[in-house]
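Engineer: Dropping in target_9.csv, with CSV, C-alpha atoms and all ligand atoms.
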```csv
chain,number,residue,atom,x,y,z
A,1,MET,CA,81.2,-35.0,58.0
A,2,SER,CA,81.7,-37.9,55.8
A,3,GLY,CA,82.4,-40.7,58.4
A,4,PRO,CA,80.0,-42.5,60.6
A,5,LEU,CA,78.3,-40.5,63.3
A,6,PRO,CA,80.5,-40.3,66.5
A,7,GLY,CA,77.5,-40.4,68.8
A,8,GLY,CA,73.7,-40.8,68.5
A,9,ARG,CA,72.2,-43.1,66.0
A,10,LEU,CA,74.1,-45.5,63.8
A,11,PRO,CA,73.7,-45.0,60.1
A,12,HIS,CA,72.0,-47.6,57.8
A,13,GLY,CA,71.5,-48.4,54.1
A,14,GLU,CA,73.1,-46.1,51.5
A,15,ASP,CA,74.0,-43.5,54.2
A,16,LYS,CA,76.0,-46.2,56.1
A,17,ALA,CA,77.8,-47.4,53.0
A,18,ARG,CA,78.8,-43.8,52.1
A,19,ARG,CA,80.0,-43.0,55.6
A,20,VAL,CA,81.9,-46.3,56.0
A,21,ARG,CA,83.7,-45.8,52.7
A,22,GLY,CA,84.6,-42.2,53.6
A,23,MET,CA,85.8,-43.3,57.0
A,24,PHE,CA,88.1,-46.0,55.6
A,25,ASP,CA,89.4,-43.6,53.0
A,26,ALA,CA,90.3,-41.2,55.8
A,27,ILE,CA,92.0,-43.7,58.1
A,28,ALA,CA,93.7,-45.9,55.5
A,29,GLY,CA,97.2,-44.4,56.0
A,30,ARG,CA,97.4,-45.6,59.6
A,31,TYR,CA,94.9,-48.5,59.5
A,32,ASP,CA,97.6,-51.3,59.7
A,33,LEU,CA,99.5,-49.6,62.6
A,34,VAL,CA,96.3,-49.0,64.7
A,35,ASN,CA,95.1,-52.6,64.0
A,36,ARG,CA,98.3,-54.1,65.3
A,37,VAL,CA,98.5,-51.9,68.4
A,38,MET,CA,94.8,-52.2,69.2
A,39,THR,CA,94.6,-56.0,68.9
A,40,LEU,CA,98.1,-56.4,70.5
A,41,GLY,CA,99.1,-58.2,67.2
A,42,MET,CA,96.4,-60.9,67.7
A,43,ASP,CA,94.7,-60.0,64.4
A,44,VAL,CA,97.5,-61.6,62.5
A,45,GLY,CA,96.8,-65.0,64.1
A,46,TRP,CA,93.1,-64.6,63.6
A,47,ARG,CA,93.5,-64.1,59.9
A,48,ARG,CA,95.8,-67.1,59.7
A,49,ARG,CA,93.2,-69.2,61.4
A,50,ALA,CA,90.6,-68.1,58.9
A,51,VAL,CA,92.7,-69.1,56.0
A,52,ARG,CA,93.5,-72.4,57.6
A,53,GLU,CA,89.8,-73.2,58.1
A,54,LEU,CA,89.2,-72.8,54.3
A,55,ARG,CA,90.7,-76.3,53.8
A,56,LEU,CA,90.7,-75.9,50.0
A,57,PRO,CA,93.2,-77.6,47.6
A,58,GLY,CA,96.3,-75.7,46.7
A,59,GLY,CA,95.9,-73.2,43.9
A,60,ALA,CA,92.2,-72.6,44.7
A,61,LEU,CA,90.8,-69.2,43.7
A,62,VAL,CA,89.7,-67.2,46.8
A,63,ALA,CA,88.1,-63.8,46.8
A,64,ASP,CA,88.9,-61.7,49.8
A,65,LEU,CA,86.0,-59.4,50.3
A,66,ALA,CA,86.5,-56.0,51.9
A,67,CYS,CA,90.2,-56.7,51.6
A,68,GLY,CA,91.3,-53.3,52.8
A,69,THR,CA,95.1,-53.1,52.8
A,70,GLY,CA,95.5,-56.7,51.8
A,71,ASP,CA,96.4,-58.6,55.0
A,72,LEU,CA,94.2,-61.6,54.2
A,73,CYS,CA,95.3,-61.6,50.5
A,74,ARG,CA,98.9,-62.0,51.7
A,75,GLU,CA,97.9,-64.9,54.1
A,76,LEU,CA,96.0,-66.5,51.3
A,77,ALA,CA,99.0,-66.3,48.9
A,78,ALA,CA,101.3,-67.7,51.7
A,79,ALA,CA,99.0,-70.7,52.0
A,80,GLY,CA,99.2,-71.4,48.3
A,81,TYR,CA,95.9,-69.9,47.2
A,82,ARG,CA,95.2,-67.6,44.3
A,83,ALA,CA,93.8,-64.5,46.0
A,84,ARG,CA,91.7,-61.6,44.5
A,85,GLY,CA,90.9,-58.7,46.7
A,86,PHE,CA,87.7,-56.5,46.5
A,87,ASP,CA,87.0,-53.3,48.4
A,88,PHE,CA,85.1,-50.1,47.8
A,89,SER,CA,87.6,-47.8,49.5
A,90,LEU,CA,90.2,-46.5,47.1
A,91,GLY,CA,92.2,-45.2,50.0
A,92,MET,CA,92.6,-48.7,51.5
A,93,LEU,CA,93.3,-50.3,48.1
A,94,GLU,CA,96.0,-47.7,47.4
A,95,ARG,CA,97.8,-48.6,50.6
A,96,ALA,CA,97.5,-52.4,50.0
A,97,ARG,CA,100.7,-54.4,50.3
A,98,THR,CA,99.9,-57.5,48.3
A,99,ASP,CA,100.7,-59.0,44.9
A,100,ALA,CA,97.1,-60.1,44.5
A,101,PRO,CA,95.0,-58.4,41.9
A,102,LEU,CA,92.7,-55.9,43.6
A,103,VAL,CA,89.4,-54.5,42.4
A,104,GLN,CA,87.5,-51.5,43.6
A,105,ALA,CA,84.0,-52.9,44.1
A,106,ASP,CA,81.0,-53.1,46.5
A,107,VAL,CA,81.0,-56.5,48.0
A,108,LEU,CA,77.2,-56.5,47.8
A,109,ALA,CA,77.4,-56.4,44.0
A,110,LEU,CA,80.6,-58.3,43.0
A,111,PRO,CA,81.9,-58.2,39.5
A,112,LEU,CA,82.2,-62.0,39.5
A,113,ALA,CA,80.2,-64.6,37.6
A,114,ASP,CA,78.0,-67.2,39.4
A,115,GLY,CA,80.2,-69.9,41.0
A,116,ALA,CA,83.4,-68.1,39.9
A,117,VAL,CA,85.4,-68.7,43.0
A,118,ASP,CA,86.4,-71.7,45.2
A,119,GLY,CA,86.3,-69.8,48.4
A,120,VAL,CA,85.7,-66.5,50.1
A,121,THR,CA,87.4,-64.8,53.0
A,122,CYS,CA,86.2,-61.6,54.7
A,123,GLY,CA,88.0,-59.9,57.5
A,124,PHE,CA,86.3,-57.5,60.0
A,125,ALA,CA,83.7,-56.2,57.6
A,126,LEU,CA,80.4,-57.9,58.5
A,127,ARG,CA,79.7,-55.0,60.8
A,128,ASN,CA,80.3,-52.5,58.0
A,129,VAL,CA,78.1,-53.7,55.1
A,130,ALA,CA,74.7,-52.2,54.7
A,131,SER,CA,73.0,-55.6,54.6
A,132,LEU,CA,74.2,-58.9,55.9
A,133,GLU,CA,71.4,-60.8,54.1
A,134,GLU,CA,72.6,-59.3,50.8
A,135,LEU,CA,76.2,-60.1,51.6
A,136,PHE,CA,75.4,-63.7,52.4
A,137,ALA,CA,73.3,-64.0,49.2
A,138,GLU,CA,76.2,-62.7,47.2
A,139,LEU,CA,78.6,-65.2,48.8
A,140,ARG,CA,76.2,-68.0,47.8
A,141,ARG,CA,76.1,-66.7,44.3
A,142,VAL,CA,79.8,-66.3,43.7
A,143,VAL,CA,81.1,-69.4,45.5
A,144,ARG,CA,80.9,-72.7,43.6
A,145,PRO,CA,79.0,-75.6,45.1
A,146,GLY,CA,81.3,-77.3,47.6
A,147,GLY,CA,83.4,-74.1,48.0
A,148,ARG,CA,84.2,-72.7,51.4
A,149,ILE,CA,83.8,-69.4,53.2
A,150,ALA,CA,85.7,-68.1,56.3
A,151,LEU,CA,84.4,-64.8,57.7
A,152,LEU,CA,86.1,-63.0,60.6
A,153,ASP,CA,84.8,-60.2,62.7
A,154,ALA,CA,85.1,-58.7,66.2
A,155,SER,CA,82.8,-60.1,68.9
A,156,THR,CA,81.9,-59.8,72.5
A,157,PRO,CA,83.1,-62.5,75.0
A,158,GLU,CA,80.4,-64.6,76.6
A,159,ASN,CA,82.1,-65.0,79.9
A,160,ARG,CA,81.0,-62.2,82.2
A,161,ALA,CA,84.4,-61.3,83.6
A,162,LEU,CA,86.0,-61.3,80.1
A,163,ARG,CA,83.1,-59.3,78.8
A,164,ALA,CA,83.6,-56.6,81.4
A,165,GLY,CA,87.4,-56.4,80.7
A,166,HIS,CA,86.7,-56.4,76.9
A,167,GLY,CA,84.1,-53.6,77.4
A,168,VAL,CA,86.6,-51.4,79.1
A,169,TYR,CA,89.3,-52.2,76.6
A,170,PHE,CA,87.2,-51.9,73.4
A,171,GLY,CA,84.9,-49.2,74.7
A,172,ARG,CA,87.5,-46.9,76.3
A,173,ILE,CA,91.1,-47.8,75.5
A,174,VAL,CA,90.7,-48.5,71.8
A,175,PRO,CA,89.0,-45.1,71.1
A,176,LEU,CA,91.8,-43.4,73.0
A,177,VAL,CA,94.6,-45.2,71.2
A,178,GLY,CA,92.9,-45.0,67.8
A,179,GLY,CA,92.2,-41.3,68.5
A,180,ALA,CA,95.9,-40.6,69.4
A,181,LEU,CA,97.3,-42.5,66.4
A,182,SER,CA,94.6,-41.8,63.8
A,183,ASP,CA,91.0,-40.5,63.7
A,184,ARG,CA,89.1,-40.0,67.0
A,185,ASP,CA,85.6,-40.3,65.5
A,186,ALA,CA,86.4,-43.5,63.5
A,187,TYR,CA,87.7,-45.3,66.6
A,188,ARG,CA,84.8,-44.1,68.7
A,189,TYR,CA,82.5,-45.6,66.0
A,190,LEU,CA,84.4,-49.0,66.1
A,191,PRO,CA,83.1,-50.3,69.4
A,192,ARG,CA,79.6,-48.9,68.7
A,193,SER,CA,79.6,-50.8,65.3
A,194,LEU,CA,79.4,-54.1,67.2
A,195,ALA,CA,75.7,-53.3,67.7
A,196,TYR,CA,75.2,-54.1,64.0
A,197,LEU,CA,76.1,-57.7,64.4
A,198,PRO,CA,73.4,-60.2,65.3
A,199,PRO,CA,74.3,-62.7,68.1
A,200,GLY,CA,76.6,-65.7,67.0
A,201,PRO,CA,73.8,-68.3,66.8
A,202,GLU,CA,71.7,-65.9,64.6
A,203,LEU,CA,74.7,-65.4,62.2
A,204,VAL,CA,75.1,-69.2,62.0
A,205,ALA,CA,71.4,-69.6,61.2
A,206,MET,CA,71.5,-66.8,58.6
A,207,LEU,CA,74.4,-68.5,56.8
A,208,GLY,CA,72.4,-71.8,56.8
A,209,THR,CA,69.4,-70.0,55.4
A,210,ALA,CA,71.6,-68.4,52.7
A,211,GLY,CA,72.6,-71.9,51.5
A,212,PHE,CA,75.7,-72.9,53.4
A,213,ASP,CA,76.2,-76.3,55.1
A,214,ASP,CA,78.3,-77.4,58.1
A,215,VAL,CA,78.3,-73.8,59.3
A,216,GLU,CA,80.6,-73.4,62.4
A,217,ARG,CA,81.4,-70.5,64.6
A,218,PHE,CA,84.6,-70.3,66.5
A,219,ALA,CA,85.2,-67.8,69.3
A,220,LEU,CA,88.8,-66.6,69.1
A,221,THR,CA,90.9,-65.3,72.0
A,222,GLY,CA,88.1,-65.7,74.6
A,223,GLY,CA,85.5,-64.3,72.2
A,224,ALA,CA,87.2,-61.0,71.3
A,225,ALA,CA,86.9,-62.2,67.7
A,226,GLN,CA,84.7,-64.7,65.9
A,227,LEU,CA,85.2,-66.8,62.8
A,228,LEU,CA,82.3,-68.2,60.8
A,229,THR,CA,83.0,-71.0,58.3
A,230,GLY,CA,80.7,-73.0,56.0
A,231,THR,CA,80.5,-75.0,52.8
A,232,ARG,CA,78.4,-73.8,49.8
A,233,GLY,CA,75.6,-76.3,49.4
B,301,LIG,C1,87.9,-53.1,59.1
B,301,LIG,S1,88.4,-53.0,57.4
B,301,LIG,C2,89.0,-54.7,57.2
B,301,LIG,C3,90.1,-54.7,56.1
B,301,LIG,C4,90.7,-56.1,56.0
B,301,LIG,N1,89.7,-57.1,55.6
B,301,LIG,C5,91.4,-56.6,57.2
B,301,LIG,O1,91.3,-57.7,57.6
B,301,LIG,O2,92.2,-55.8,57.8
B,301,LIG,C6,86.8,-53.1,56.6
B,301,LIG,C7,86.9,-52.9,55.1
B,301,LIG,O3,85.7,-53.2,54.6
B,301,LIG,C8,85.5,-52.4,53.5
B,301,LIG,N2,84.1,-52.4,53.1
B,301,LIG,C9,83.0,-52.1,54.0
B,301,LIG,N3,81.9,-52.3,53.3
B,301,LIG,C10,82.2,-52.6,52.0
B,301,LIG,C11,81.4,-52.8,50.9
B,301,LIG,N4,80.1,-52.8,50.9
B,301,LIG,N5,82.0,-53.2,49.7
B,301,LIG,C12,83.4,-53.2,49.7
B,301,LIG,N6,84.2,-53.0,50.8
B,301,LIG,C13,83.6,-52.7,51.9
B,301,LIG,C14,86.1,-51.0,53.9
B,301,LIG,O4,86.4,-50.2,52.8
B,301,LIG,C15,87.3,-51.5,54.7
B,301,LIG,O5,88.4,-51.6,53.8
```
Would you mind writing the file's structure down as structure tokens?
Structural biologist:
Amino acid sequence: MSGPLPGGRLPHGEDKARRVRGMFDAIAGRYDLVNRVMTLGMDVGWRRRAVRELRLPGGALVADLACGTGDLCRELAAAGYRARGFDFSLGMLERARTDAPLVQADVLALPLADGAVDGVTCGFALRNVASLEELFAELRRVVRPGGRIALLDASTPENRALRAGHGVYFGRIVPLVGGALSDRDAYRYLPRSLAYLPPGPELVAMLGTAGFDDVERFALTGGAAQLLTGTRG
């Protein structure tokens, strides 16, 4: 199989990158539909919040990393930014609905010069990269000093009752819905992939170590999603 393993161990390194790319190529056709259904449409508001937290001047150049089908690129354009999307899945890029220029590239080795962009967004891909340290180093390299980052991903609520409800929803209902509408293995992998993410405070510390100031973490919708922001030092 080309996608991530449905059960057993989670892949790492180059094996993970290959499987993740294969998985998104395979599910690209119904990715947007499943996203809306699975998050009950809340993903739209989460992306809007991420773009709002950039707080850059109009016309700023923003790279949307792991842009997928272009949702964040569209939000960036609507907010008056110049967006550029980067993703390694050709399947996702081919289905993108955005006027932003799109580039097929690995976000761990961006075809951008040092300090080339004013800001970076990244939606729901922190779990998917082979190395968060390498991603954060690449963010530091391509964002100009004073530029901003806004990184979104799924999360686990801290409140015990919410966490239990979220566990049932994310762990059982999402794989069922995703399986019915798209690819069973991919949507069984989705809840398991949360295990790749370090706890929130650790993510904040990692971004600080990577060279970002004023790093903040916002829990969205009771902690079902998280947004990390920071300013390039
Ligand atoms: C869950 S989708 C998110 C898409 C989009 N950002 C959104 O908000 O809907 C994750 C995306 O990350 C991309 N991706 C994962 N690892 C990547 C990497 N190393 N380089 C480029 N794209 C990557 C996948 O191809 C996929 O399109």
Engineer: Please list as a PDB file with C-alpha atoms, keeping the file's coordinate frame every residue within 12 Å of A:Leu10, counting all atoms listed in the file and excluding residues in the same chain fewer than 4 positions away.
Structural biologist:
```pdb
ATOM      1  CA  GLY A   3      82.400 -40.700  58.400  1.00  0.00           C
ATOM      2  CA  PRO A   4      80.000 -42.500  60.600  1.00  0.00           C
ATOM      3  CA  LEU A   5      78.300 -40.500  63.300  1.00  0.00           C
ATOM      4  CA  PRO A   6      80.500 -40.300  66.500  1.00  0.00           C
ATOM      5  CA  ASP A  15      74.000 -43.500  54.200  1.00  0.00           C
ATOM      6  CA  LYS A  16      76.000 -46.200  56.100  1.00  0.00           C
ATOM      7  CA  ALA A  17      77.800 -47.400  53.000  1.00  0.00           C
ATOM      8  CA  ARG A  19      80.000 -43.000  55.600  1.00  0.00           C
ATOM      9  CA  VAL A  20      81.900 -46.300  56.000  1.00  0.00           C
ATOM     10  CA  ARG A 127      79.700 -55.000  60.800  1.00  0.00           C
ATOM     11  CA  ASN A 128      80.300 -52.500  58.000  1.00  0.00           C
ATOM     12  CA  ALA A 130      74.700 -52.200  54.700  1.00  0.00           C
ATOM     13  CA  ARG A 188      84.800 -44.100  68.700  1.00  0.00           C
ATOM     14  CA  TYR A 189      82.500 -45.600  66.000  1.00  0.00           C
ATOM     15  CA  LEU A 190      84.400 -49.000  66.100  1.00  0.00           C
ATOM     16  CA  PRO A 191      83.100 -50.300  69.400  1.00  0.00           C
ATOM     17  CA  ARG A 192      79.600 -48.900  68.700  1.00  0.00           C
ATOM     18  CA  SER A 193      79.600 -50.800  65.300  1.00  0.00           C
ATOM     19  CA  LEU A 194      79.400 -54.100  67.200  1.00  0.00           C
ATOM     20  CA  ALA A 195      75.700 -53.300  67.700  1.00  0.00           C
ATOM     21  CA  TYR A 196      75.200 -54.100  64.000  1.00  0.00           C
TER      22      TYR A 196
END
```
Engineer: Would you mind telling me which residue in A:Arg97, A:Arg82, A:Arg217, A:Arg55 lies nearest to ligand LIG 301 (chain B) when using only C-alpha atoms and all ligand atoms?
Structural biologist: A:Arg97
Engineer: If you take all atoms listed in the file and a cut-off of 6 Å, which residues of chain A touch ligand LIG 301 (chain B), and what are their nearest atom pairs and distances in Å to one decimal, in chain and number order, as CSV?
Structural biologist:
```
residue,atom,partner,partner_atom,distance
A:Arg21,CA,B:LIG301,O4,5.2
A:Phe24,CA,B:LIG301,O4,5.3
A:Ala66,CA,B:LIG301,N6,3.9
A:Cys67,CA,B:LIG301,N1,4.1
A:Gly68,CA,B:LIG301,O5,3.5
A:Asp71,CA,B:LIG301,O2,5.8
A:Leu72,CA,B:LIG301,O1,5.9
A:Asp87,CA,B:LIG301,N6,3.7
A:Phe88,CA,B:LIG301,C12,4.0
A:Ser89,CA,B:LIG301,O4,4.3
A:Met92,CA,B:LIG301,O5,5.6
A:Ala105,CA,B:LIG301,C12,5.6
A:Asp106,CA,B:LIG301,N5,3.4
A:Val107,CA,B:LIG301,N5,3.8
A:Leu108,CA,B:LIG301,N4,5.6
A:Cys122,CA,B:LIG301,N1,5.8
A:Gly123,CA,B:LIG301,N1,3.8
A:Phe124,CA,B:LIG301,C1,4.8
A:Ala125,CA,B:LIG301,C6,4.5
A:Asn128,CA,B:LIG301,C9,4.8
A:Val129,CA,B:LIG301,N3,4.4
```
Engineer: Which neighbours of A:Ala205 fall inside 9 Å, counting all atoms listed in the file, when residues of the same chain fewer than 5 positions from it are skipped, and could you give them as JSON, numbers by chain?
Structural biologist: {"A": [200, 210, 215]}
Engineer: Could you write out that same residue set with C-alpha atoms as a short mmCIF file (atom, residue, chain, number, x, y, z; two decimals), keeping the file's coordinate frame?
Structural biologist:
```cif
data_model
loop_
_atom_site.label_atom_id
_atom_site.label_comp_id
_atom_site.auth_asym_id
_atom_site.auth_seq_id
_atom_site.Cartn_x
_atom_site.Cartn_y
_atom_site.Cartn_z
CA GLY A 200 76.60 -65.70 67.00
CA ALA A 210 71.60 -68.40 52.70
CA VAL A 215 78.30 -73.80 59.30
#
```
Engineer: Would you kindly return, as a PyMOL selection string, each protein, DNA or RNA residue with an atom no farther than 12 Å from any atom of stretch 162-175 of chain A, considering only C-alpha atoms and excluding same-chain residues fewer than 5 positions away?
Structural biologist: chain A and resi 6+34-40+154-157+180-194+221-225
Engineer: Mind dumping the selected residues with C-alpha atoms as a PDB file, in the frame of the given file?
Structural biologist:
```
ATOM      1  CA  PRO A   6      80.500 -40.300  66.500  1.00  0.00           C
ATOM      2  CA  VAL A  34      96.300 -49.000  64.700  1.00  0.00           C
ATOM      3  CA  ASN A  35      95.100 -52.600  64.000  1.00  0.00           C
ATOM      4  CA  ARG A  36      98.300 -54.100  65.300  1.00  0.00           C
ATOM      5  CA  VAL A  37      98.500 -51.900  68.400  1.00  0.00           C
ATOM      6  CA  MET A  38      94.800 -52.200  69.200  1.00  0.00           C
ATOM      7  CA  THR A  39      94.600 -56.000  68.900  1.00  0.00           C
ATOM      8  CA  LEU A  40      98.100 -56.400  70.500  1.00  0.00           C
ATOM      9  CA  ALA A 154      85.100 -58.700  66.200  1.00  0.00           C
ATOM     10  CA  SER A 155      82.800 -60.100  68.900  1.00  0.00           C
ATOM     11  CA  THR A 156      81.900 -59.800  72.500  1.00  0.00           C
ATOM     12  CA  PRO A 157      83.100 -62.500  75.000  1.00  0.00           C
ATOM     13  CA  ALA A 180      95.900 -40.600  69.400  1.00  0.00           C
ATOM     14  CA  LEU A 181      97.300 -42.500  66.400  1.00  0.00           C
ATOM     15  CA  SER A 182      94.600 -41.800  63.800  1.00  0.00           C
ATOM     16  CA  ASP A 183      91.000 -40.500  63.700  1.00  0.00           C
ATOM     17  CA  ARG A 184      89.100 -40.000  67.000  1.00  0.00           C
ATOM     18  CA  ASP A 185      85.600 -40.300  65.500  1.00  0.00           C
ATOM     19  CA  ALA A 186      86.400 -43.500  63.500  1.00  0.00           C
ATOM     20  CA  TYR A 187      87.700 -45.300  66.600  1.00  0.00           C
ATOM     21  CA  ARG A 188      84.800 -44.100  68.700  1.00  0.00           C
ATOM     22  CA  TYR A 189      82.500 -45.600  66.000  1.00  0.00           C
ATOM     23  CA  LEU A 190      84.400 -49.000  66.100  1.00  0.00           C
ATOM     24  CA  PRO A 191      83.100 -50.300  69.400  1.00  0.00           C
ATOM     25  CA  ARG A 192      79.600 -48.900  68.700  1.00  0.00           C
ATOM     26  CA  SER A 193      79.600 -50.800  65.300  1.00  0.00           C
ATOM     27  CA  LEU A 194      79.400 -54.100  67.200  1.00  0.00           C
ATOM     28  CA  THR A 221      90.900 -65.300  72.000  1.00  0.00           C
ATOM     29  CA  GLY A 222      88.100 -65.700  74.600  1.00  0.00           C
ATOM     30  CA  GLY A 223      85.500 -64.300  72.200  1.00  0.00           C
ATOM     31  CA  ALA A 224      87.200 -61.000  71.300  1.00  0.00           C
ATOM     32  CA  ALA A 225      86.900 -62.200  67.700  1.00  0.00           C
TER      33      ALA A 225
END
```
Engineer: Can you work out which one of A:Gly119, A:Gly178, A:Gly91, A:Gly58 has the shortest atom-to-atom distance to A:Gly147, counting all atoms listed in the file?
Structural biologist: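 The closest residue to A:Gly147 is A:Gly119.
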Engineer: What does the structure give for the distance between atom CA of A:Leu65 and atom CA of A:Gly85, in Å to one decimal?
Structural biologist: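 Going from atom CA of A:Leu65 over to atom CA of A:Gly85 covers 6.1 Å.
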Engineer: As an exercise, work out the distance from atom CA of A:Met23 to atom CA of A:Ser131 in Å and give it to one decimal place.
Structural biologist: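 So the answer is 17.9 Å.
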Engineer: What does the distance between atom CA of A:Phe86 and atom CA of A:Val142 come to in Å, to one decimal place?
Structural biologist: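 Value for the atom CA of A:Phe86-atom CA of A:Val142 distance: 12.9 Å.
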Engineer: Taking 5 positions as the minimum chain separation for residues in the same chain, which residues sit within 10 Å of A:Pro57 when counting all atoms listed in the file? Answer as a PDB file with C-alpha atoms, in the coordinates of the input.
Structural biologist:
```pdb
ATOM      1  CA  GLY A  80      99.200 -71.400  48.300  1.00  0.00           C
ATOM      2  CA  TYR A  81      95.900 -69.900  47.200  1.00  0.00           C
ATOM      3  CA  ASP A 118      86.400 -71.700  45.200  1.00  0.00           C
TER       4      ASP A 118
END
```
Engineer: In the coordinates of the file, take the point (94.1, -70.0, 58.1) and a cut-off of 10 Å; then, counting only C-alpha atoms, name each qualifying protein, DNA or RNA residue as a PyMOL selection string.
Structural biologist: chain A and resi 45-55+72+75-76+78-79+121+150
Engineer: Here's a test: counting all atoms listed in the file, identify every protein, DNA and RNA residue with an atom at most 8 Å from (73.3, -77.4, 57.4) in the file's coordinate frame, and state them as a list of chain:residue names.
Structural biologist: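 Result, sorted by chain then residue number: A:Gly208, A:Phe212, A:Asp213, A:Asp214, A:Val215.
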Engineer: Using only C-alpha atoms, please write the residues we just selected to a file, as a short mmCIF file (atom, residue, chain, number, x, y, z; two decimals), in the frame of the given file.
Structural biologist:
```
data_model
loop_
_atom_site.label_atom_id
_atom_site.label_comp_id
_atom_site.auth_asym_id
_atom_site.auth_seq_id
_atom_site.Cartn_x
_atom_site.Cartn_y
_atom_site.Cartn_z
CA GLY A 208 72.40 -71.80 56.80
CA PHE A 212 75.70 -72.90 53.40
CA ASP A 213 76.20 -76.30 55.10
CA ASP A 214 78.30 -77.40 58.10
CA VAL A 215 78.30 -73.80 59.30
#
```
Engineer: Skip stretch 111-117 of chain A itself and residues of its chain fewer than 4 positions away, then list as a PDB file with C-alpha atoms, in the coordinates of the input all residues within 6 Å of it, counting only C-alpha atoms.
Structural biologist:
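File around04.pdb, as written:
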```
ATOM      1  CA  LEU A  61      90.800 -69.200  43.700  1.00  0.00           C
ATOM      2  CA  VAL A  62      89.700 -67.200  46.800  1.00  0.00           C
ATOM      3  CA  ARG A 141      76.100 -66.700  44.300  1.00  0.00           C
ATOM      4  CA  VAL A 142      79.800 -66.300  43.700  1.00  0.00           C
ATOM      5  CA  VAL A 143      81.100 -69.400  45.500  1.00  0.00           C
ATOM      6  CA  ARG A 144      80.900 -72.700  43.600  1.00  0.00           C
TER       7      ARG A 144
END
```
Engineer: Of the residues A:Phe136, A:Arg148, A:Gly211, A:Ala219, which is the one nearest to A:Ala60, using all atoms listed in the file?
Structural biologist: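 With all atoms listed in the file as the atom set, the closest residue is A:Arg148.
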Engineer: Determine the nearest neighbour of A:Asp32 from the options A:Leu126, A:Arg95, A:Pro199, A:Gly179, counting all atoms listed in the file.
Structural biologist: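 Checking each of A:Leu126, A:Arg95, A:Pro199, A:Gly179 against A:Asp32, counting all atoms listed in the file, the winner is A:Arg95.
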Engineer: Can you give me N, CA, C and O atoms for stretch 99-110 of chain A, written as an mmCIF file, keeping the file's coordinate frame?
Structural biologist:
```
data_model
loop_
_atom_site.group_PDB
_atom_site.id
_atom_site.type_symbol
_atom_site.label_atom_id
_atom_site.label_comp_id
_atom_site.auth_asym_id
_atom_site.auth_seq_id
_atom_site.Cartn_x
_atom_site.Cartn_y
_atom_site.Cartn_z
ATOM 1 N N ASP A 99 100.533 -58.776 46.343
ATOM 2 C CA ASP A 99 100.700 -59.000 44.900
ATOM 3 C C ASP A 99 99.374 -59.400 44.247
ATOM 4 O O ASP A 99 99.292 -59.526 43.022
ATOM 5 N N ALA A 100 98.367 -59.658 45.066
ATOM 6 C CA ALA A 100 97.100 -60.100 44.500
ATOM 7 C C ALA A 100 96.429 -59.031 43.688
ATOM 8 O O ALA A 100 96.528 -57.859 44.052
ATOM 9 N N PRO A 101 95.753 -59.392 42.593
ATOM 10 C CA PRO A 101 95.000 -58.400 41.900
ATOM 11 C C PRO A 101 93.870 -57.831 42.749
ATOM 12 O O PRO A 101 93.214 -58.590 43.464
ATOM 13 N N LEU A 102 93.707 -56.515 42.715
ATOM 14 C CA LEU A 102 92.700 -55.900 43.600
ATOM 15 C C LEU A 102 91.691 -55.133 42.706
ATOM 16 O O LEU A 102 92.059 -54.544 41.693
ATOM 17 N N VAL A 103 90.442 -55.162 43.123
ATOM 18 C CA VAL A 103 89.400 -54.500 42.400
ATOM 19 C C VAL A 103 88.582 -53.609 43.282
ATOM 20 O O VAL A 103 88.212 -54.037 44.389
ATOM 21 N N GLN A 104 88.332 -52.376 42.821
ATOM 22 C CA GLN A 104 87.500 -51.500 43.600
ATOM 23 C C GLN A 104 86.017 -51.888 43.319
ATOM 24 O O GLN A 104 85.550 -51.739 42.180
ATOM 25 N N ALA A 105 85.336 -52.417 44.300
ATOM 26 C CA ALA A 105 84.000 -52.900 44.100
ATOM 27 C C ALA A 105 83.217 -52.963 45.400
ATOM 28 O O ALA A 105 83.822 -53.153 46.460
ATOM 29 N N ASP A 106 81.899 -52.845 45.295
ATOM 30 C CA ASP A 106 81.000 -53.100 46.500
ATOM 31 C C ASP A 106 80.836 -54.560 46.617
ATOM 32 O O ASP A 106 80.450 -55.239 45.656
ATOM 33 N N VAL A 107 81.098 -55.077 47.807
ATOM 34 C CA VAL A 107 81.000 -56.500 48.000
ATOM 35 C C VAL A 107 79.544 -57.014 47.928
ATOM 36 O O VAL A 107 79.297 -58.229 47.885
ATOM 37 N N LEU A 108 78.596 -56.086 47.914
ATOM 38 C CA LEU A 108 77.200 -56.500 47.800
ATOM 39 C C LEU A 108 76.794 -56.645 46.316
ATOM 40 O O LEU A 108 75.671 -57.071 46.027
ATOM 41 N N ALA A 109 77.696 -56.301 45.413
ATOM 42 C CA ALA A 109 77.400 -56.400 44.000
ATOM 43 C C ALA A 109 78.761 -56.748 43.296
ATOM 44 O O ALA A 109 79.335 -55.897 42.608
ATOM 45 N N LEU A 110 79.261 -57.949 43.502
ATOM 46 C CA LEU A 110 80.600 -58.300 43.000
ATOM 47 C C LEU A 110 80.687 -58.453 41.530
ATOM 48 O O LEU A 110 79.788 -59.065 40.932
#
```
